[in-house]
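Here the structure comes first, spelled out in C-alpha cells, and everything after it is commentary.
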Amino acid sequence: MREAAIVSFAQLDCVRNAGALNEVELIMPVINGALSGAGLGSVQEVDFTCSGSSDYQQGVAFSFVLGVDALGAVPPINESHVEMDAAWALYEAILKIRMGHADSALIYGFGKSSPGELPAVLSQQLDPYYLAPLWVDTVSLAALQARMMLDQGIISELDMAEVVARSRRNALANNPHAQLKGEVTAQQLLQADPWVSPLRKHDCCPISDGASAMVICTLERARQWGKPCAVIRGIDHRIESHNPGVRDLTRSVSTEHAASHAGAANGRVQVAELHAPFSHQEIILSRALGLGDGTDINPSGGVLAGNLMMASGLSRIGEVAKRIIAGEVQRGVAHATSGPCLQHNLVTVLEAA
Amino acid sequence: MANLAAVVGIGQTRYETRRGDVSIAGLVHEAALRALQDADLGWNAIDAVIIGKAPDMFEGVVMPEIYLADALGGNGKPMLRVHTAGSVGGSTALVAASHVQSGTFRRVLTVTFEKQSESNAMWALSSKHPFSPHLNAGAGGYFAPIMREYIRRSKAPYDVGIKVAVKDRLHGARNPLAHLQLPNITTQEVEASPMLWDPIRFLESCPSSDGACAMVIADESLVHESPQRPAWIKGVAMRSEPTMYAGRDEVNPQAGRACAADVYRQAGITHPRRELDCAEIYVPFSWYEPMWLENLGFAEQGQGWKLTMAGATSLDEAGDIPWNCSGGVLSSNPIGASGMIRFAEAARQVRGDAGQHQVDGAATAMGHAYGGGAQFFAMWIVSSGKA
C-alpha cells in the first residue's frame, strides 16, 4: 500500500464565539494556509478534497454544501464529505491515495458551536428510542464515567486536576490558538465547585468556533514539492457498542484495538495528542495507548484548551505532524474520538520521513 | 493500481411511505442482513462498515452511526459515515469500495437508509441558512426553473416529462420492492395530476419513502466465498462544484460531465449508449431523464428528449438503452439510500438477478447519483466480466 504524509497544517484560533463570521469565512483562512504551506496556489493542484462537519451545529441541513464555496471548485473537483470529525475525512483521503486515485489531498474540518447549546445538541446522538428522550447530555455521561473511575479507585480528583493544570500550562507555553491557558496548580483547581459532579467546569473542554485543514500527499510528491513531511505510518479506527451499560467505561477497548492495528507500539512515542474532551478521559486514553513518562502528552493543551467540534480530531493529528515537520520529534501518536464516553476512536501513528 | 473488487451481496428493504413496524436500527439491520444472506456470510466475515444517509435532520438523530453501531455489527470494527447530499447513496458505495480497492480491507458492508416518515423532508430541506436568502422551496422548487431552462433551450415538446413519469412507473410495477406500484398508469393521469412546480406535476415527482439498501463488497480473493455471480467494479468517480458561480451551467453541469468522463475512461467506455446495456440514473423529477441523457453523453446536447420519446430508455418499448428498470427514484425515494439503490440495481442487472425488470443479457451497467443543487455527482460502472 502506498504511504501518505502530511506536508502542511493550518488552524484558526479557538474562540468561544466567532460572531458574524460564517462557515465559509472560517474555512477559507485554513484552506489557504494549508495550501500555501504545501507550496500550492489552489485546490485545483490537489487530487482529492474531503471535509468533516455536522449539520446540527449550524442548525440546517446540508451545511457543508456552502463550505464548498470556500474551495474554488471551478473547474469541478474530486470531493467528498463525512458527517464526522475531519480526522475521518483524512482516513477517507488516505484510502484514495492507497488505491492510486489520488497523489495528494486537502482535508478540512469546521464547526461553529456558538449559535447552539452543544451538550444538548450532542445528546441527540443517542439512541432515539431509549436514551435521547432522557436528554442526558455529553457532560452528564462523561460525569458518570468519571464517577465510575473514582469509585473504583482508578483515578483521584487530584489526577483529574493535574491533567487540567498541565493542559493550561502547555497551552500557555506552546499554543497561540488556545482558548484556555494559564499557570494554575491542581490544588487551586480543586477549590472550584462541582459543575456536573464529579466534574468541575475545568474538567470539561470549552466550546469553540473555528476550523483546521491539512494537505497530505504521497512521499514521492512530497519530495517533488521539496517539502518536509510527517509520514502516516499507521491509521485505524474502531467503534464500540452504543449502549453504555454493556461497555466498561473505565477503559477504551476500541482505542486499544485501533492502536494495535495502527502499530502505535512499534516504536517510541515521543509525543501524543489525545482528543480527550474531559480530563479523566485523557487518563483512559493514555492507558489504552500504553503511554508512559517518556511521552509528552498534549503539548498543545489538547481539547481542554480549545475544542473545535468536528475539527478537533484532525487538529490533534496536525499538532503531532507540526512537531515532526519542525524536527522537534521523530515519532508521535494522535488520537481522535466521536460519540459519548469515547465510543469511537481513531489512532494515527506519525513518523519523520 | 487499485485492487479489483466486486459486489458479492445485495440487500434491500421494500420501499414504502412509512415503515412503522421497525425502528431506524431495525430498518438498516433488515437491509444489511439480506445483503449478508445474499452473500452467504455472517457478521464476522465483515471487516468494516460504511454507512451513508442524507441530512441527520430527516430523522433527528445526530451522527447516527454512533447509535447504529450495534444494529450493523459494527462493534470492534471501523465504521465510517458519509454525507454528500443527495449523491450520498452513490458516494457511500464508492467510499466502501475504496476500503477494498485500497487493499486496506478484504470485505466490507455498506448500508444507506432514510426513514423519511420520522420527519418532514420538505421542512428539513427548507430550513434557513444564516446569512443566506431563504428559499423555502424544497427540492422541486429549486430544480423547476432549471428544467424550464432545459425546455427552452432544447425546444422539447411539453409531454417529455409525462412520458418519463409513465415509463419509470411501469418499470417500477415490475419491481416488487418499489414504493409506487402503478401498473395501470396513463399519460392522461399524469397530465391531469396537480402542477406542483411548473413544469413538474405531482406524478412527475419522486415519492417520499422509508427504506434501506445494503451491499457487501469483497476483494477479488474472497469473491469465490459468495454464491452469487459477482458484479465487478470497473470504474468509480466523484465530482463536486459550487452551488453558484459565474457562468455555471445548471442545466448541464460541468461536474456531471467531468465525472462521467472519468468513470468511462476507467471502464474503457467511449460510447455509453452503445457499450452500456442499461443504466440506473438518479431522476427524481421527470425532466431530469432527458437532461442527464445529454449530461452523461448518451445523446448530443439538445437531443436527449428524442431518445426518451423514441422509447430508447424504456424496457416496455424494448429500447436499446433502458434507464431505471427498477422504477428509479420516481418510484422509490428514501433519499439517503436512493443513490445506493441505483448502484445496487446496476449490479443486479449484470448479475442477471433483477427478476421482472431484468435487461436480457446485461453485462455492463452504470449507477449514478447526484445531489445538492445538481453539483455533487457519484458514478460507478459494474460488469459481469472480470477482465
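Ligands are numbered from 1 in the order shown, chains are lettered A, B, ... in the order of the C-alpha cells, and residues start at 1 in each chain.
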### Message
So that I can check the surroundings of Phe285 (chain B), please list as a PyMOL selection string every protein, DNA and RNA residue that reaches within 6 Å of it, counting only C-alpha atoms and ignoring chain neighbours fewer than 2 positions away.
### Response
chain B and resi 204-205+283+287-288
### Counting only C-alpha atoms, chain B residues within 7 Å of chain A, as a ChimeraX atom specification
/B:1-2,55,57,61-64,66-67,69-70,74-79,81-85,98-99,101-103,124-125,127-129,238-242,254-255
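Nearest to Arg106 (chain B) of all the residues B:Ala318, B:Val166, B:Ala45, B:Leu182 is B:Ala45, based on only C-alpha atoms.
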### Query
Closest to Arg257 (chain B) among B:Ile24, B:Cys278, B:Ala121, B:Ala378, using only C-alpha atoms?
B:Ala378
#### Entry: From A:Gly33, A:Gly210, A:Val139, A:Arg223, residue lying nearest Ser197 (chain A) [only C-alpha atoms]
A:Val139
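Between CA of Asn170 (chain A) and CA of Arg233 (chain A) the interatomic distance comes to 26.3 Å.
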### Message
Between CA of Glu220 (chain B) and CA of Arg221 (chain A), what is the distance in Å, rounded to a tenth?
### Response
29.3 Å
### Query
Can you list, as number ranges by chain, every protein, DNA or RNA residue that comes within 6 Å of region 154-168 of chain A when you count only C-alpha atoms, leaving out same-chain residues fewer than 5 positions away?
A: 149, 181-182, 184-186, 279-280, 301
### Task
Just the alpha helix (DSSP H) stuff from region 30-178 of chain B, please, per backbone DSSP, written as a PyMOL selection string.
chain B and resi 30-38+65-68+88-101+121-124+138-154+160-172
### Query
Taking the backbone alone, and naming residues the way the document does, which bits of region 240-294 of chain A are strand (DSSP E or B) by DSSP, as an MDAnalysis selection string?
chainID A and resid 271:273 278
Written file, previous selection with N, CA, C and O atoms, as a PDB file, in the first residue's frame:
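In the end it all went to selection17.pdb:
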ATOM      1  N   VAL A 271       5.658  11.983  21.403  1.00  0.00           N
ATOM      2  CA  VAL A 271       4.607  12.953  21.650  1.00  0.00           C
ATOM      3  C   VAL A 271       3.261  12.311  21.325  1.00  0.00           C
ATOM      4  O   VAL A 271       3.172  11.489  20.405  1.00  0.00           O
ATOM      5  N   ALA A 272       2.250  12.654  22.110  1.00  0.00           N
ATOM      6  CA  ALA A 272       0.907  12.143  21.840  1.00  0.00           C
ATOM      7  C   ALA A 272      -0.097  13.284  21.999  1.00  0.00           C
ATOM      8  O   ALA A 272      -0.045  14.023  22.989  1.00  0.00           O
ATOM      9  N   GLU A 273      -0.957  13.436  21.022  1.00  0.00           N
ATOM     10  CA  GLU A 273      -2.054  14.396  21.135  1.00  0.00           C
ATOM     11  C   GLU A 273      -3.348  13.588  21.220  1.00  0.00           C
ATOM     12  O   GLU A 273      -3.709  12.843  20.293  1.00  0.00           O
ATOM     13  N   PHE A 278     -12.759  15.480  28.200  1.00  0.00           N
ATOM     14  CA  PHE A 278     -12.886  15.576  29.659  1.00  0.00           C
ATOM     15  C   PHE A 278     -11.596  15.046  30.291  1.00  0.00           C
ATOM     16  O   PHE A 278     -11.003  14.089  29.782  1.00  0.00           O
TER      17      PHE A 278
END
### Within 8 Å of Ala146 (chain A) using only C-alpha atoms, minus same-chain residues under 5 positions, as number ranges by chain
A: 198-199, 250, 280
### Message
Report, in Å with one decimal, the straight-line distance from CA of Ala171 (chain A) to CA of Ile317 (chain A).
### Response
16.3 Å
#### Entry: Shell of 12 Å around Gly367 (chain B), only C-alpha atoms, local chain residues under 4 positions omitted, as a ChimeraX atom specification
/B:87,89-91,93-94,233-238,260,263-264,276-283,296,323-326,328,338-350,377-383
### Message
Residues within 7 Å of Val7 (chain A), please, as number ranges by chain. Count only C-alpha atoms; anything in the same chain fewer than 4 positions from it doesn't count.
### Response
A: 38, 215-216, 227-230
### Shortest interatomic distance to Leu4 (chain B) - which of B:Ile185, B:Leu222, B:Ile321, B:Ala310, counting only C-alpha atoms
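Using only C-alpha atoms, the shortest distance to Leu4 (chain B) belongs to B:Leu222.
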